[in-house]
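Engineer: Let me give you the structure first, and then I'll get to my questions.
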Amino acid sequence: MSGVINIYKEKGFTSHDVVNIVRKKLGKIKTGHTGTLDPDAMGVLPICVGKATKLSEYIASSIKEYKAIVSLGKTTTTQDGSGEVIEEKKVNCSRDNIIKVVNCFKGEIMQTPPMYSAIKIGGKKLYELAREGKEIERKQRKITIYNIEITNFIDNENFEIKVLCSKGTYIRTLCNDIGKALGCGAYMSYLLRTRTGNFYIDNAIKLDDIDRFLQYNKLNDILLPMDIVLSGYKKISVLNKANKFLYNGNKISFSYLKNKEDLQQNEKVIVYDEDNNLIGIYTVLLDCIKPLTMLL
C-alpha cells in the first residue's frame, strides 16, 4: 500500500496527530506528513503512505497557497490569535494604503522565522525556548511570495488575503510584518491552506471520511498514486535490457534511455521501466542519470 491521501486538517489537530490517526486507521503502516500546519490552522495536509513517505520532502518543497485573515491593531507573542497580546495601537489605515503595503510583499523577500516555530537551534526547537521565556536571534531567510492579494475587507480592522508562496513561508509572520509596515501592528487570526503542490482543498477529505472508504474497500479511491506528486517532472523510460542496473539502483547510461532528448544537466527526472513501472527520481549527469530516491 503506497500513495498519498489528501487530508483536510481540521482545527485542533496537530500535524503529528493527523499522521498518527491515519497510521492507526490503515493498520500501522508507515506514514508521514508533508509540512506542518499549526493546531489552529486548517486545510490541505497531504499524508504519505508506504513507499510514498520517501516523497515527503518533495511535496513539502512545493508551492503553497493560503487564505488568511490579518487583524490590525494588536501584536501577539505568537503572531497569531493563540498568543498573548503584547502591544495595542489605534488603527487608522485607509484601504488604499493597506493595498499598497500588502503589494510591497510580493516577490522575493527576507523573512525572520518566528520564535514560536519548530525550527531547531542548538538542538532545541524555538518554541521550546520561547516557552522558557527566551528570545533567540534568528537568521533571516529568503522566501518568495508569488502572489498576494486582498480578497475581502471584513471591517476596519480585519481583512482577508490569499497568498501563493514558496516553502518556508510563515503566514503569521507575513501578517505581523504587514502590521508593522502599516504602523499599527497585526496578527493572523485565521489560516486555511488551500493548496500544497498538486494537492488542492477541493479534493481534500476529512479524517472521518477514511473510515467510510475502508468500510467499502475503496481506499484506492483516496490513495493517490505517487505519479501525481511527481507530475511536474519530465518522465524518462529505460529499456528492458538495463533492468538489472535499474532495479539495483545503479547509474543508467543515456544509451539505455528511450527518450533522452532535451535533458538538462542537474535536472531531476522521473524514471520508469519499459513496462511503465515507477522506479524513482533521478538527476541528469553528463552522460547518464543517477538515482536520488528509489521508489521500488
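Each chain in the C-alpha cells gets a letter, A, B and so on, in the order shown; residues start at 1 in every chain, and ligands are counted from 1 in the order they appear.
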If DSSP is run on the backbone, what residues of stretch 135-270 of chain A are helix (DSSP H, G or I)? A reply as a PyMOL selection string would be ideal.
Structural biologist: chain A and resi 171-182+201-203+207-215+219-221+226-229+240-247+254-256
Engineer: For stretch 275-287 of chain A, please output as an MDAnalysis selection string all residues within 9 Å (counting only C-alpha atoms; exclusion window: fewer than 3 positions along the same chain).
Structural biologist: chainID A and resid 226:227 230 237 240 246:247 251:255 263:272 290:296
Engineer: Just C-alpha atoms for this one: save the residues we selected as a CSV table (one decimal), in the first residue's frame.
Structural biologist:
chain,number,residue,atom,x,y,z
A,226,MET,CA,2.9,8.7,-6.4
A,227,ASP,CA,2.9,9.8,-10.1
A,230,LEU,CA,5.7,13.9,-9.5
A,237,SER,CA,11.7,5.4,-19.8
A,240,ASN,CA,14.4,-3.6,-20.5
A,246,LEU,CA,17.8,-0.1,-12.9
A,247,TYR,CA,16.5,-2.3,-10.1
A,251,LYS,CA,23.5,4.9,-12.7
A,252,ILE,CA,21.9,4.5,-16.2
A,253,SER,CA,23.8,5.4,-19.3
A,254,PHE,CA,21.9,7.6,-21.9
A,255,SER,CA,22.3,4.8,-24.3
A,263,LEU,CA,17.7,16.6,-20.9
A,264,GLN,CA,19.5,19.3,-19.0
A,265,GLN,CA,22.4,18.6,-16.6
A,266,ASN,CA,21.3,18.5,-12.9
A,267,GLU,CA,17.7,18.3,-13.9
A,268,LYS,CA,15.5,16.0,-11.8
A,269,VAL,CA,13.5,13.4,-13.8
A,270,ILE,CA,11.1,10.6,-13.1
A,271,VAL,CA,12.2,7.2,-14.3
A,272,TYR,CA,10.1,4.3,-15.4
A,290,LYS,CA,21.8,8.9,-11.2
A,291,PRO,CA,19.2,7.8,-8.7
A,292,LEU,CA,18.2,10.2,-6.0
A,293,THR,CA,15.2,8.5,-4.5
A,294,MET,CA,14.3,4.9,-5.3
A,295,LEU,CA,10.5,4.2,-5.2
A,296,LEU,CA,10.5,0.4,-5.9
Engineer: Atom CA of A:Pro46 and atom CA of A:Asp17, how far apart in Å?
Structural biologist: 13.3 Å
Engineer: Skip A:Asn92 itself and residues of its chain fewer than 2 positions away, then list as a list in words all residues within 9 Å of it, counting only C-alpha atoms.
Structural biologist: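 Neighbouring residues, sequence-local ones excluded: Lys90, Ser94, Asn156, Glu157 and Cys184 of chain A.
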Engineer: Using only C-alpha atoms for the distances, tell me which of A:Tyr58, A:Cys48, A:Cys104, A:Pro39 is nearest to A:Arg23.
Structural biologist: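 Result for the nearest residue to A:Arg23: A:Cys48.
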Engineer: Name the residues in contact with A:Gly81 at a cut-off of 10 Å, using only C-alpha atoms, excluding same-chain residues fewer than 2 positions from it; report them as number ranges by chain.
Structural biologist: A: 40, 71, 74-79, 83-85, 172, 187-190
Engineer: I need the residues from that last selection saved to file as a JSON list (two decimals), in the first residue's frame (with N, CA and C atoms), if you can.
Structural biologist:
[["chain", "number", "residue", "atom", "x", "y", "z"],
["A", 40, "ASP", "N", -4.25, 25.48, 15.23],
["A", 40, "ASP", "CA", -5.39, 26.35, 14.93],
["A", 40, "ASP", "C", -5.65, 26.52, 13.43],
["A", 71, "SER", "N", -5.52, 40.69, 11.25],
["A", 71, "SER", "CA", -6.25, 41.50, 12.23],
["A", 71, "SER", "C", -5.33, 42.61, 12.73],
["A", 74, "LYS", "N", -3.22, 44.90, 16.98],
["A", 74, "LYS", "CA", -2.64, 44.13, 18.08],
["A", 74, "LYS", "C", -1.46, 43.30, 17.59],
["A", 75, "THR", "N", -0.45, 43.19, 18.44],
["A", 75, "THR", "CA", 0.69, 42.31, 18.19],
["A", 75, "THR", "C", 0.70, 41.25, 19.29],
["A", 76, "THR", "N", 0.92, 39.99, 18.92],
["A", 76, "THR", "CA", 0.91, 38.91, 19.91],
["A", 76, "THR", "C", 2.26, 38.19, 19.96],
["A", 77, "THR", "N", 2.46, 37.45, 21.03],
["A", 77, "THR", "CA", 3.73, 36.72, 21.22],
["A", 77, "THR", "C", 3.95, 35.67, 20.15],
["A", 78, "THR", "N", 2.87, 35.09, 19.64],
["A", 78, "THR", "CA", 2.97, 34.00, 18.66],
["A", 78, "THR", "C", 2.69, 34.45, 17.23],
["A", 79, "GLN", "N", 2.32, 35.72, 17.07],
["A", 79, "GLN", "CA", 1.95, 36.31, 15.78],
["A", 79, "GLN", "C", 0.61, 35.78, 15.26],
["A", 83, "GLY", "N", -1.61, 33.58, 20.98],
["A", 83, "GLY", "CA", -0.63, 34.17, 21.89],
["A", 83, "GLY", "C", -1.18, 35.31, 22.73],
["A", 84, "GLU", "N", -0.34, 35.80, 23.62],
["A", 84, "GLU", "CA", -0.70, 36.94, 24.46],
["A", 84, "GLU", "C", -0.49, 38.24, 23.69],
["A", 85, "VAL", "N", -1.39, 39.18, 23.90],
["A", 85, "VAL", "CA", -1.25, 40.49, 23.28],
["A", 85, "VAL", "C", -0.14, 41.26, 23.99],
["A", 172, "ARG", "N", 1.83, 33.73, 9.41],
["A", 172, "ARG", "CA", 1.60, 34.60, 10.59],
["A", 172, "ARG", "C", 2.67, 35.67, 10.70],
["A", 187, "TYR", "N", -1.84, 40.68, 13.72],
["A", 187, "TYR", "CA", -1.60, 39.25, 13.93],
["A", 187, "TYR", "C", -2.52, 38.47, 12.99],
["A", 188, "MET", "N", -2.22, 37.20, 12.82],
["A", 188, "MET", "CA", -3.03, 36.33, 11.96],
["A", 188, "MET", "C", -4.12, 35.69, 12.81],
["A", 189, "SER", "N", -5.38, 35.95, 12.48],
["A", 189, "SER", "CA", -6.48, 35.41, 13.27],
["A", 189, "SER", "C", -7.15, 34.20, 12.63],
["A", 190, "TYR", "N", -6.74, 33.86, 11.42],
["A", 190, "TYR", "CA", -7.35, 32.71, 10.71],
["A", 190, "TYR", "C", -6.38, 32.26, 9.64]]
Engineer: With the cut-off set at 12 Å and counting only C-alpha atoms, tabulate each residue of stretch 51-130 of chain A with an atom at most that distance from an atom of stretch 140-154 of chain A, showing the nearest atom pair and its distance in Å to one decimal, ordered by chain and increasing number, as CSV.
Structural biologist:
residue,atom,partner,partner_atom,distance
A:Ser61,CA,A:Ile143,CA,11.9
A:Ser62,CA,A:Thr144,CA,11.9
A:Ile63,CA,A:Tyr146,CA,9.1
A:Lys64,CA,A:Tyr146,CA,9.7
A:Glu65,CA,A:Asn147,CA,9.2
A:Tyr66,CA,A:Ile148,CA,9.6
A:Lys67,CA,A:Thr151,CA,8.9
A:Ala68,CA,A:Ile150,CA,9.6
A:Ile69,CA,A:Ile154,CA,9.0
A:Val70,CA,A:Phe153,CA,9.8
A:Ser71,CA,A:Ile154,CA,9.8
A:Leu72,CA,A:Ile154,CA,11.5
A:Ser94,CA,A:Phe153,CA,11.1
A:Arg95,CA,A:Phe153,CA,8.2
A:Asp96,CA,A:Ile150,CA,11.1
A:Ile98,CA,A:Ile150,CA,9.0
A:Ile99,CA,A:Ile150,CA,7.2
A:Lys100,CA,A:Glu149,CA,10.5
A:Val101,CA,A:Glu149,CA,10.9
A:Val102,CA,A:Ile148,CA,7.3
A:Asn103,CA,A:Ile148,CA,6.8
A:Cys104,CA,A:Ile148,CA,9.4
A:Phe105,CA,A:Ile145,CA,7.0
A:Lys106,CA,A:Ile145,CA,5.1
A:Gly107,CA,A:Ile145,CA,4.9
A:Glu108,CA,A:Thr144,CA,4.4
A:Ile109,CA,A:Ile143,CA,5.6
A:Met110,CA,A:Lys142,CA,4.5
A:Gln111,CA,A:Gln140,CA,5.2
A:Thr112,CA,A:Gln140,CA,4.4
A:Pro113,CA,A:Gln140,CA,7.0
A:Pro114,CA,A:Gln140,CA,10.2
Engineer: Between atom CA of A:Ile289 and atom CA of A:Lys241, what is the distance, to one decimal in Å?
Structural biologist: 15.8 Å
Engineer: Step one, run DSSP on the backbone; step two, keep only residues of stretch 108-295 of chain A assigned to strand (DSSP E); then write them as a VMD selection string.
Structural biologist: chain A and resid 108 to 111 120 to 121 124 to 125 141 to 153 158 to 165 186 to 196 199 to 200 223 to 224 234 to 238 252 to 253 268 to 273 278 to 284 288 to 294
Engineer: Next, the residues of the selection above should be written as a compact mmCIF listing (two decimals), in the first residue's frame with C-alpha atoms.
Structural biologist:
# COMPACT_ATOMS: atom_id res chain seq x y z
CA GLU A 108 11.46 37.64 -3.18
CA ILE A 109 11.59 38.96 0.38
CA MET A 110 13.55 38.28 3.56
CA GLN A 111 11.61 36.86 6.50
CA LYS A 120 15.87 23.90 15.77
CA ILE A 121 18.76 25.98 17.08
CA LYS A 124 16.30 22.67 20.67
CA LYS A 125 13.11 23.81 18.96
CA ARG A 141 15.58 33.59 5.21
CA LYS A 142 14.76 34.35 1.61
CA ILE A 143 11.24 33.35 0.62
CA THR A 144 9.12 34.04 -2.44
CA ILE A 145 5.60 35.44 -2.42
CA TYR A 146 4.46 34.59 -5.94
CA ASN A 147 1.18 36.37 -5.44
CA ILE A 148 -0.64 38.13 -2.62
CA GLU A 149 -4.00 39.84 -2.87
CA ILE A 150 -6.67 41.16 -0.57
CA THR A 151 -9.85 39.19 -1.20
CA ASN A 152 -12.12 40.84 1.37
CA PHE A 153 -12.16 43.86 3.65
CA ASN A 158 -9.72 42.84 9.60
CA PHE A 159 -9.10 41.84 6.00
CA GLU A 160 -8.61 38.54 4.18
CA ILE A 161 -5.61 37.78 1.97
CA LYS A 162 -4.81 35.00 -0.47
CA VAL A 163 -1.13 34.08 -0.70
CA LEU A 164 0.77 31.88 -3.15
CA CYS A 165 4.24 31.27 -1.74
CA ALA A 186 -1.22 42.94 13.29
CA TYR A 187 -1.60 39.25 13.93
CA MET A 188 -3.03 36.33 11.96
CA SER A 189 -6.48 35.41 13.27
CA TYR A 190 -7.35 32.71 10.71
CA LEU A 191 -5.40 30.40 8.39
CA LEU A 192 -6.56 27.97 5.73
CA ARG A 193 -4.12 26.15 3.46
CA THR A 194 -5.83 25.68 0.12
CA ARG A 195 -3.01 24.08 -1.86
CA THR A 196 0.21 22.13 -1.47
CA PHE A 199 -2.99 18.80 -3.88
CA TYR A 200 -5.96 21.17 -3.62
CA LEU A 223 -4.95 6.84 -2.02
CA LEU A 224 -3.49 8.87 -4.84
CA LYS A 234 9.95 15.09 -17.02
CA LYS A 235 9.32 11.35 -17.47
CA ILE A 236 12.04 9.02 -18.77
CA SER A 237 11.68 5.35 -19.81
CA VAL A 238 14.56 2.88 -19.57
CA ILE A 252 21.93 4.46 -16.17
CA SER A 253 23.77 5.44 -19.34
CA LYS A 268 15.51 15.98 -11.83
CA VAL A 269 13.53 13.40 -13.83
CA ILE A 270 11.10 10.59 -13.07
CA VAL A 271 12.22 7.19 -14.30
CA TYR A 272 10.06 4.25 -15.39
CA ASP A 273 10.99 0.85 -16.75
CA LEU A 278 7.69 3.78 -11.49
CA ILE A 279 11.33 3.34 -10.43
CA GLY A 280 12.33 6.60 -8.83
CA ILE A 281 13.61 10.15 -9.03
CA TYR A 282 16.93 10.64 -10.81
CA THR A 283 19.24 13.53 -11.57
CA VAL A 284 20.76 14.08 -15.00
CA CYS A 288 23.95 9.20 -17.55
CA ILE A 289 21.21 9.53 -14.94
CA LYS A 290 21.83 8.92 -11.25
CA PRO A 291 19.20 7.80 -8.70
CA LEU A 292 18.24 10.24 -5.95
CA THR A 293 15.18 8.50 -4.49
CA MET A 294 14.27 4.89 -5.32
Engineer: Which distance in Å separates atom CA of A:Thr173 and atom CA of A:Met115, to one decimal?
Structural biologist: 10.1 Å
